[in-house]
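Reading through the structure tokens given below for one structure.
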Amino acid sequence: MFNDFPLLLLLLVGICAATVILLVGLRMTVLADRIADRTGFGEAVVGGVLLGAATSFSGTIVSLTAALDGRASLAFSNGIGGIAAQTAFLAIADIVYRRANLEHAAAEIANVFQCGVLLALLAIPFAASTTPEVALWGIHPASFLLVVVYAYGVAATARLREKPMWRPVETDETRADEPEVDDTTDKPARWLLMWFLLLMVFLGLAGWAISQIGNQLTDRLGLSASLVGALVTAVITSLPELVTTVAAVRRGALQLAVGGIIGGNTFDILFLTISDAGYRRGSIYHAVSSQDLFWLAVGMLMTAVLLLGLIFREKQGPGSIGRESLTLLCIYGAAVAVQAFS
């Protein structure tokens, strides 16, 4: 469909798709906050599971489409590059929240636990790439393991909220997760969920357009698929996370902001399962390059820094943001520079 489009028109379509992703992501933040209040699940759980999965939907379509087209590197780097970009977005949200370090104010055990789950998930594809190439129904066993670990993480996170075994120390800057006056658990959330699902459809369509544009940029400009995946399609399809995180911070829904990023990152790992199923030329973990695995290592490093920041809970750092936020921005900036000039 996009083969005959001139480059200028192709870029215009990309801008339109990115705009749709931005606007839809903004609306989904408001809905997710209200759903969290009405269902009683809380901002961290809804942000980590529902909002995280929904805002990643456009990226899912990009990775699946690329895999079906036989573009393993684009499919892989789109998901993993998005994890690095989205974690950097959390540092931007920390800059927006001027009262204190965001990781200090948004103290929540569910977010700490999900960071641990994310680290485990990131280690699985790394290990799979070093093992012999095997497949079950054309899919590497690591892809099935990713789904199992993700499902366990979701169930355990919900259980942690009901019966937490650890609680953060309350300070004058700790922001509690409290429902809005107009949204209580005695009000049904089904209409909010229906609107939420409808918005996901628009994200999916925008994601399909972005995937086609990514393919065209790779072919026409002779760019590395890993570069396009990690720094173009991944960043564009991660825009909902940027919008929803900043919007959540401005609404005072701090746990939703942090949980949305971590949950989105956790869900993004499942891009690899979907991509492996769509890639019919063997295991996707053995079809990628060292540049793709580089972004996997970057994602692990940034997640570890975020986890330490959530545990340490520095109240104030340089420029009223946490040192972990500053470190995250430096790591991501360095990674972009390495990728761009390698």
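Ordering of the structure tokens sets the chain letters (A, B, ...); residue numbers start at 1 within each chain; ligands are numbered from 1 in the order shown.
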Neighbouring residues of Gln86 of chain A were defined as those with any atom within 8 Å, considering only C-alpha atoms; residues of the same chain fewer than 5 positions away were excluded. Please report them as a VMD selection string.
chain A and resid 238 241 to 242 261 265
With a cut-off of 9 Å, could you pull out the residues of segment 65-137 of chain A touching segment 215-221 of chain A and give me the nearest pair of atoms for each, distance in Å to one decimal, using only C-alpha atoms, ordered by chain and ascending number, as a tab-separated table?
```
residue	atom	partner	partner_atom	distance
A:Ala66	CA	A:Asn215	CA	7.7
A:Arg71	CA	A:Asn215	CA	8.5
A:Leu74	CA	A:Asn215	CA	8.3
```
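Proximity to Val149 of chain A was assessed for A:Phe267, A:Trp166, A:Phe341, A:Trp195 counting only C-alpha atoms; the smallest distance is recorded for A:Phe267.
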Please provide the set of residues having any atom within 12 Å of Gln291 of chain A, restricted to only C-alpha atoms, with same-chain residues fewer than 3 positions apart removed, written as a PyMOL selection string.
chain A and resi 73-74+76-77+80-81+224-230+287-288+294-298+335-336+338-342
Write a file of the selected residues as a PDB file, in the first residue's frame, keeping C-alpha atoms.
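Dumped everything to again03.pdb:
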```
ATOM      1  CA  SER A  73      15.573  -7.426  13.618  1.00  0.00           C
ATOM      2  CA  LEU A  74      12.861  -4.782  13.225  1.00  0.00           C
ATOM      3  CA  PHE A  76      12.797  -7.593  17.992  1.00  0.00           C
ATOM      4  CA  SER A  77      14.322  -4.125  18.354  1.00  0.00           C
ATOM      5  CA  ILE A  80      13.108  -4.016  23.278  1.00  0.00           C
ATOM      6  CA  GLY A  81      13.970  -0.472  22.137  1.00  0.00           C
ATOM      7  CA  SER A 224      19.721  -0.662   9.786  1.00  0.00           C
ATOM      8  CA  ALA A 225      16.524  -2.472  10.814  1.00  0.00           C
ATOM      9  CA  SER A 226      17.783  -2.419  14.401  1.00  0.00           C
ATOM     10  CA  LEU A 227      18.257   1.362  14.228  1.00  0.00           C
ATOM     11  CA  VAL A 228      14.794   1.950  12.748  1.00  0.00           C
ATOM     12  CA  GLY A 229      13.182  -0.432  15.229  1.00  0.00           C
ATOM     13  CA  ALA A 230      14.853   0.880  18.382  1.00  0.00           C
ATOM     14  CA  ALA A 287      17.864 -14.318  13.738  1.00  0.00           C
ATOM     15  CA  VAL A 288      18.700 -11.024  15.425  1.00  0.00           C
ATOM     16  CA  PHE A 294      22.608  -4.458  22.846  1.00  0.00           C
ATOM     17  CA  TRP A 295      19.181  -2.886  23.444  1.00  0.00           C
ATOM     18  CA  LEU A 296      18.233  -5.897  25.541  1.00  0.00           C
ATOM     19  CA  ALA A 297      21.226  -5.199  27.802  1.00  0.00           C
ATOM     20  CA  VAL A 298      20.329  -1.479  27.913  1.00  0.00           C
ATOM     21  CA  ALA A 335      22.857   4.064  24.079  1.00  0.00           C
ATOM     22  CA  VAL A 336      21.351   6.214  21.315  1.00  0.00           C
ATOM     23  CA  VAL A 338      26.356   4.203  20.374  1.00  0.00           C
ATOM     24  CA  GLN A 339      23.590   2.904  18.096  1.00  0.00           C
ATOM     25  CA  ALA A 340      23.629   5.945  15.833  1.00  0.00           C
ATOM     26  CA  PHE A 341      27.380   5.944  15.250  1.00  0.00           C
ATOM     27  CA  SER A 342      28.062   2.201  15.198  1.00  0.00           C
TER      28      SER A 342
END
```
Distance query Ala88 of chain A at most 12 Å, only C-alpha atoms, self and fewer than 4 positions along chain excluded, as a PDB file with N, CA and C atoms, in the first residue's frame:
```
ATOM      1  N   GLY A  81      13.628  -1.893  22.159  1.00  0.00           N
ATOM      2  CA  GLY A  81      13.970  -0.472  22.137  1.00  0.00           C
ATOM      3  C   GLY A  81      12.908   0.372  22.821  1.00  0.00           C
ATOM      4  N   GLY A  82      11.650  -0.067  22.726  1.00  0.00           N
ATOM      5  CA  GLY A  82      10.570   0.648  23.393  1.00  0.00           C
ATOM      6  C   GLY A  82      10.713   0.622  24.908  1.00  0.00           C
ATOM      7  N   ILE A  83      11.247  -0.470  25.441  1.00  0.00           N
ATOM      8  CA  ILE A  83      11.440  -0.573  26.889  1.00  0.00           C
ATOM      9  C   ILE A  83      12.424   0.494  27.370  1.00  0.00           C
ATOM     10  N   ALA A  84      13.520   0.653  26.644  1.00  0.00           N
ATOM     11  CA  ALA A  84      14.511   1.667  27.017  1.00  0.00           C
ATOM     12  C   ALA A  84      13.919   3.067  26.912  1.00  0.00           C
ATOM     13  N   ILE A  92      11.567  11.788  32.485  1.00  0.00           N
ATOM     14  CA  ILE A  92      10.964  13.052  32.047  1.00  0.00           C
ATOM     15  C   ILE A  92       9.787  13.407  32.953  1.00  0.00           C
ATOM     16  N   ALA A  93       8.989  12.399  33.320  1.00  0.00           N
ATOM     17  CA  ALA A  93       7.872  12.635  34.232  1.00  0.00           C
ATOM     18  C   ALA A  93       8.368  13.112  35.588  1.00  0.00           C
ATOM     19  N   ASP A  94       9.515  12.612  36.016  1.00  0.00           N
ATOM     20  CA  ASP A  94      10.114  13.055  37.278  1.00  0.00           C
ATOM     21  C   ASP A  94      10.470  14.533  37.207  1.00  0.00           C
ATOM     22  N   ILE A  95      10.919  14.968  36.036  1.00  0.00           N
ATOM     23  CA  ILE A  95      11.236  16.388  35.842  1.00  0.00           C
ATOM     24  C   ILE A  95       9.961  17.236  35.940  1.00  0.00           C
ATOM     25  N   VAL A 235      10.129   4.412  19.457  1.00  0.00           N
ATOM     26  CA  VAL A 235       9.870   5.698  20.103  1.00  0.00           C
ATOM     27  C   VAL A 235       8.479   6.207  19.745  1.00  0.00           C
ATOM     28  N   SER A 238       5.849   4.293  21.432  1.00  0.00           N
ATOM     29  CA  SER A 238       5.942   4.496  22.884  1.00  0.00           C
ATOM     30  C   SER A 238       5.386   5.852  23.310  1.00  0.00           C
ATOM     31  N   LEU A 239       4.959   6.661  22.349  1.00  0.00           N
ATOM     32  CA  LEU A 239       4.421   7.978  22.692  1.00  0.00           C
ATOM     33  C   LEU A 239       3.234   7.910  23.664  1.00  0.00           C
ATOM     34  N   GLU A 241       2.912   6.021  26.188  1.00  0.00           N
ATOM     35  CA  GLU A 241       3.491   5.941  27.519  1.00  0.00           C
ATOM     36  C   GLU A 241       3.979   7.305  27.995  1.00  0.00           C
ATOM     37  N   LEU A 242       4.587   8.083  27.082  1.00  0.00           N
ATOM     38  CA  LEU A 242       5.044   9.423  27.454  1.00  0.00           C
ATOM     39  C   LEU A 242       3.858  10.301  27.822  1.00  0.00           C
ATOM     40  N   THR A 245       2.018   9.005  31.026  1.00  0.00           N
ATOM     41  CA  THR A 245       2.819   9.189  32.245  1.00  0.00           C
ATOM     42  C   THR A 245       2.792  10.640  32.701  1.00  0.00           C
ATOM     43  N   VAL A 258       3.950   5.599  37.284  1.00  0.00           N
ATOM     44  CA  VAL A 258       5.069   4.659  37.397  1.00  0.00           C
ATOM     45  C   VAL A 258       4.640   3.261  36.975  1.00  0.00           C
ATOM     46  N   ILE A 261       4.364   2.736  33.121  1.00  0.00           N
ATOM     47  CA  ILE A 261       5.638   2.544  32.429  1.00  0.00           C
ATOM     48  C   ILE A 261       6.174   1.138  32.665  1.00  0.00           C
ATOM     49  N   ILE A 262       6.227   0.726  33.924  1.00  0.00           N
ATOM     50  CA  ILE A 262       6.767  -0.595  34.239  1.00  0.00           C
ATOM     51  C   ILE A 262       5.894  -1.687  33.639  1.00  0.00           C
ATOM     52  N   ASN A 265       6.400  -1.832  29.911  1.00  0.00           N
ATOM     53  CA  ASN A 265       7.662  -2.508  29.614  1.00  0.00           C
ATOM     54  C   ASN A 265       7.534  -4.018  29.765  1.00  0.00           C
ATOM     55  N   VAL A 298      20.671  -2.838  27.470  1.00  0.00           N
ATOM     56  CA  VAL A 298      20.329  -1.479  27.913  1.00  0.00           C
ATOM     57  C   VAL A 298      19.036  -1.504  28.729  1.00  0.00           C
ATOM     58  N   GLY A 299      18.048  -2.256  28.259  1.00  0.00           N
ATOM     59  CA  GLY A 299      16.781  -2.370  28.984  1.00  0.00           C
ATOM     60  C   GLY A 299      16.971  -2.962  30.369  1.00  0.00           C
ATOM     61  N   LEU A 301      19.753  -2.874  32.201  1.00  0.00           N
ATOM     62  CA  LEU A 301      20.489  -1.908  33.023  1.00  0.00           C
ATOM     63  C   LEU A 301      19.567  -0.797  33.517  1.00  0.00           C
ATOM     64  N   MET A 302      18.727  -0.263  32.630  1.00  0.00           N
ATOM     65  CA  MET A 302      17.832   0.824  33.020  1.00  0.00           C
ATOM     66  C   MET A 302      16.784   0.351  34.019  1.00  0.00           C
ATOM     67  N   THR A 303      16.296  -0.878  33.849  1.00  0.00           N
ATOM     68  CA  THR A 303      15.318  -1.427  34.788  1.00  0.00           C
ATOM     69  C   THR A 303      15.942  -1.622  36.163  1.00  0.00           C
ATOM     70  N   VAL A 305      18.405   0.124  37.450  1.00  0.00           N
ATOM     71  CA  VAL A 305      18.555   1.457  38.050  1.00  0.00           C
ATOM     72  C   VAL A 305      17.209   1.941  38.607  1.00  0.00           C
ATOM     73  N   LEU A 306      16.135   1.729  37.847  1.00  0.00           N
ATOM     74  CA  LEU A 306      14.806   2.135  38.303  1.00  0.00           C
ATOM     75  C   LEU A 306      14.411   1.378  39.568  1.00  0.00           C
ATOM     76  N   GLU A 324      18.482   8.565  40.209  1.00  0.00           N
ATOM     77  CA  GLU A 324      18.209   7.460  39.282  1.00  0.00           C
ATOM     78  C   GLU A 324      17.614   7.979  37.971  1.00  0.00           C
ATOM     79  N   SER A 325      16.811   9.050  38.034  1.00  0.00           N
ATOM     80  CA  SER A 325      16.252   9.637  36.815  1.00  0.00           C
ATOM     81  C   SER A 325      17.349  10.224  35.942  1.00  0.00           C
ATOM     82  N   LEU A 326      18.273  10.911  36.572  1.00  0.00           N
ATOM     83  CA  LEU A 326      19.404  11.482  35.844  1.00  0.00           C
ATOM     84  C   LEU A 326      20.250  10.371  35.223  1.00  0.00           C
ATOM     85  N   THR A 327      20.440   9.285  35.963  1.00  0.00           N
ATOM     86  CA  THR A 327      21.210   8.148  35.455  1.00  0.00           C
ATOM     87  C   THR A 327      20.506   7.496  34.268  1.00  0.00           C
ATOM     88  N   LEU A 328      19.186   7.368  34.352  1.00  0.00           N
ATOM     89  CA  LEU A 328      18.417   6.764  33.259  1.00  0.00           C
ATOM     90  C   LEU A 328      18.567   7.575  31.964  1.00  0.00           C
ATOM     91  N   LEU A 329      18.482   8.898  32.085  1.00  0.00           N
ATOM     92  CA  LEU A 329      18.620   9.744  30.903  1.00  0.00           C
ATOM     93  C   LEU A 329      20.021   9.634  30.305  1.00  0.00           C
ATOM     94  N   CYS A 330      21.016   9.538  31.165  1.00  0.00           N
ATOM     95  CA  CYS A 330      22.403   9.406  30.679  1.00  0.00           C
ATOM     96  C   CYS A 330      22.615   8.067  29.980  1.00  0.00           C
ATOM     97  N   ILE A 331      22.070   7.002  30.558  1.00  0.00           N
ATOM     98  CA  ILE A 331      22.211   5.671  29.944  1.00  0.00           C
ATOM     99  C   ILE A 331      21.539   5.646  28.582  1.00  0.00           C
ATOM    100  N   TYR A 332      20.321   6.177  28.517  1.00  0.00           N
ATOM    101  CA  TYR A 332      19.592   6.147  27.236  1.00  0.00           C
ATOM    102  C   TYR A 332      20.285   7.018  26.206  1.00  0.00           C
ATOM    103  N   GLY A 333      20.735   8.195  26.617  1.00  0.00           N
ATOM    104  CA  GLY A 333      21.456   9.070  25.676  1.00  0.00           C
ATOM    105  C   GLY A 333      22.711   8.419  25.141  1.00  0.00           C
ATOM    106  N   ALA A 334      23.453   7.754  26.015  1.00  0.00           N
ATOM    107  CA  ALA A 334      24.666   7.056  25.600  1.00  0.00           C
ATOM    108  C   ALA A 334      24.353   5.912  24.648  1.00  0.00           C
ATOM    109  N   ALA A 335      23.262   5.188  24.930  1.00  0.00           N
ATOM    110  CA  ALA A 335      22.857   4.064  24.079  1.00  0.00           C
ATOM    111  C   ALA A 335      22.464   4.533  22.678  1.00  0.00           C
ATOM    112  N   VAL A 336      21.736   5.644  22.616  1.00  0.00           N
ATOM    113  CA  VAL A 336      21.351   6.214  21.315  1.00  0.00           C
ATOM    114  C   VAL A 336      22.586   6.608  20.523  1.00  0.00           C
TER     115      VAL A 336
END
```
Determine the nearest neighbour of Ala248 of chain A from the options A:Val30, A:Ala18, A:Ala128, A:Asn3, counting only C-alpha atoms.
A:Val30
Contacts of Thr60 of chain A within 8 Å, only C-alpha atoms, excl. fewer than 3 positions in-chain, as number ranges by chain
A: 56-57, 63-64, 79, 207, 268, 271, 274
Keeping N, CA and C atoms for every residue in the selection just given, could you write it to a file as a compact mmCIF listing (two decimals), in the first residue's frame?
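Output saved as result_20.txt:
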```
# COMPACT_ATOMS: atom_id res chain seq x y z
N SER A 56 0.71 -0.30 24.79
CA SER A 56 1.71 -1.05 24.02
C SER A 56 1.09 -1.71 22.79
N PHE A 57 -0.22 -1.55 22.60
CA PHE A 57 -0.91 -2.28 21.53
C PHE A 57 -0.40 -1.91 20.14
N SER A 63 5.54 -5.01 15.74
CA SER A 63 6.41 -6.18 15.84
C SER A 63 5.82 -7.38 15.11
N LEU A 64 4.52 -7.60 15.23
CA LEU A 64 3.89 -8.74 14.56
C LEU A 64 3.97 -8.58 13.05
N GLY A 79 10.29 -3.86 20.05
CA GLY A 79 9.82 -4.12 21.40
C GLY A 79 10.84 -3.78 22.46
N GLY A 207 -0.60 1.71 14.79
CA GLY A 207 0.59 0.85 14.86
C GLY A 207 0.87 0.16 13.54
N ASP A 268 5.66 -5.34 26.90
CA ASP A 268 6.44 -5.26 25.66
C ASP A 268 7.31 -6.49 25.44
N PHE A 271 6.02 -8.92 23.10
CA PHE A 271 6.23 -8.68 21.66
C PHE A 271 7.08 -9.79 21.07
N ILE A 274 5.02 -12.93 20.43
CA ILE A 274 4.18 -12.70 19.25
C ILE A 274 5.04 -12.69 17.99
```
Selected residue, from A:Gly70, A:Gly214, A:Gly25, A:Gly153, that lies nearest to Val232 of chain A when counting only C-alpha atoms:
A:Gly214
Of the candidates A:Leu8, A:Ala91, A:Leu193, A:Ala72, which shows the shortest atom-to-atom distance to Met28 of chain A, using only C-alpha atoms?
A:Leu193
Name the residues of segment 148-292 of chain A that fall into helix (DSSP H, G or I) according to DSSP on the backbone, using the chain letters and numbers of this document, as JSON, numbers by chain.
{"A": [148, 149, 150, 151, 152, 153, 154, 155, 156, 157, 158, 159, 160, 161, 162, 190, 191, 192, 193, 194, 195, 196, 197, 198, 199, 200, 201, 202, 203, 204, 205, 206, 207, 208, 209, 210, 211, 212, 213, 214, 215, 216, 217, 218, 219, 220, 221, 225, 226, 227, 228, 229, 230, 231, 232, 233, 234, 235, 236, 237, 239, 240, 241, 242, 243, 244, 245, 246, 247, 248, 249, 250, 251, 254, 255, 256, 257, 258, 259, 260, 261, 262, 263, 264, 265, 266, 267, 268, 270, 271, 272, 273, 274, 275, 276, 277, 278, 284, 285, 286, 290, 291, 292]}
Length of the atom CA of Ile61 of chain A to atom CA of Leu136 of chain A vector [Å]
23.0 Å
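Residues with any atom within 9 Å of Ala304 of chain A, counting only C-alpha atoms and excluding same-chain neighbours fewer than 5 positions away, are Cys115, Gly116, Leu119, Gly299 and Gly309 of chain A.
If you count only C-alpha atoms and ignore residues fewer than 6 places along the chain from Ala277 of chain A, what sits within 9 Å of it is Leu64, Ala67, Leu68, Trp137, Gly138, Ile139, His140, Ser143, Ser283 and Ile284 of chain A.
Closest approach to Leu160 of chain A among A:Thr266, A:Thr273, A:Asn111, A:Thr87: A:Asn111, based on only C-alpha atoms.
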So, with only C-alpha atoms as the atoms that count, which of A:Arg281, A:Leu205, A:Thr233, A:Ile21 lies closest to Ala135 of chain A?
A:Arg281
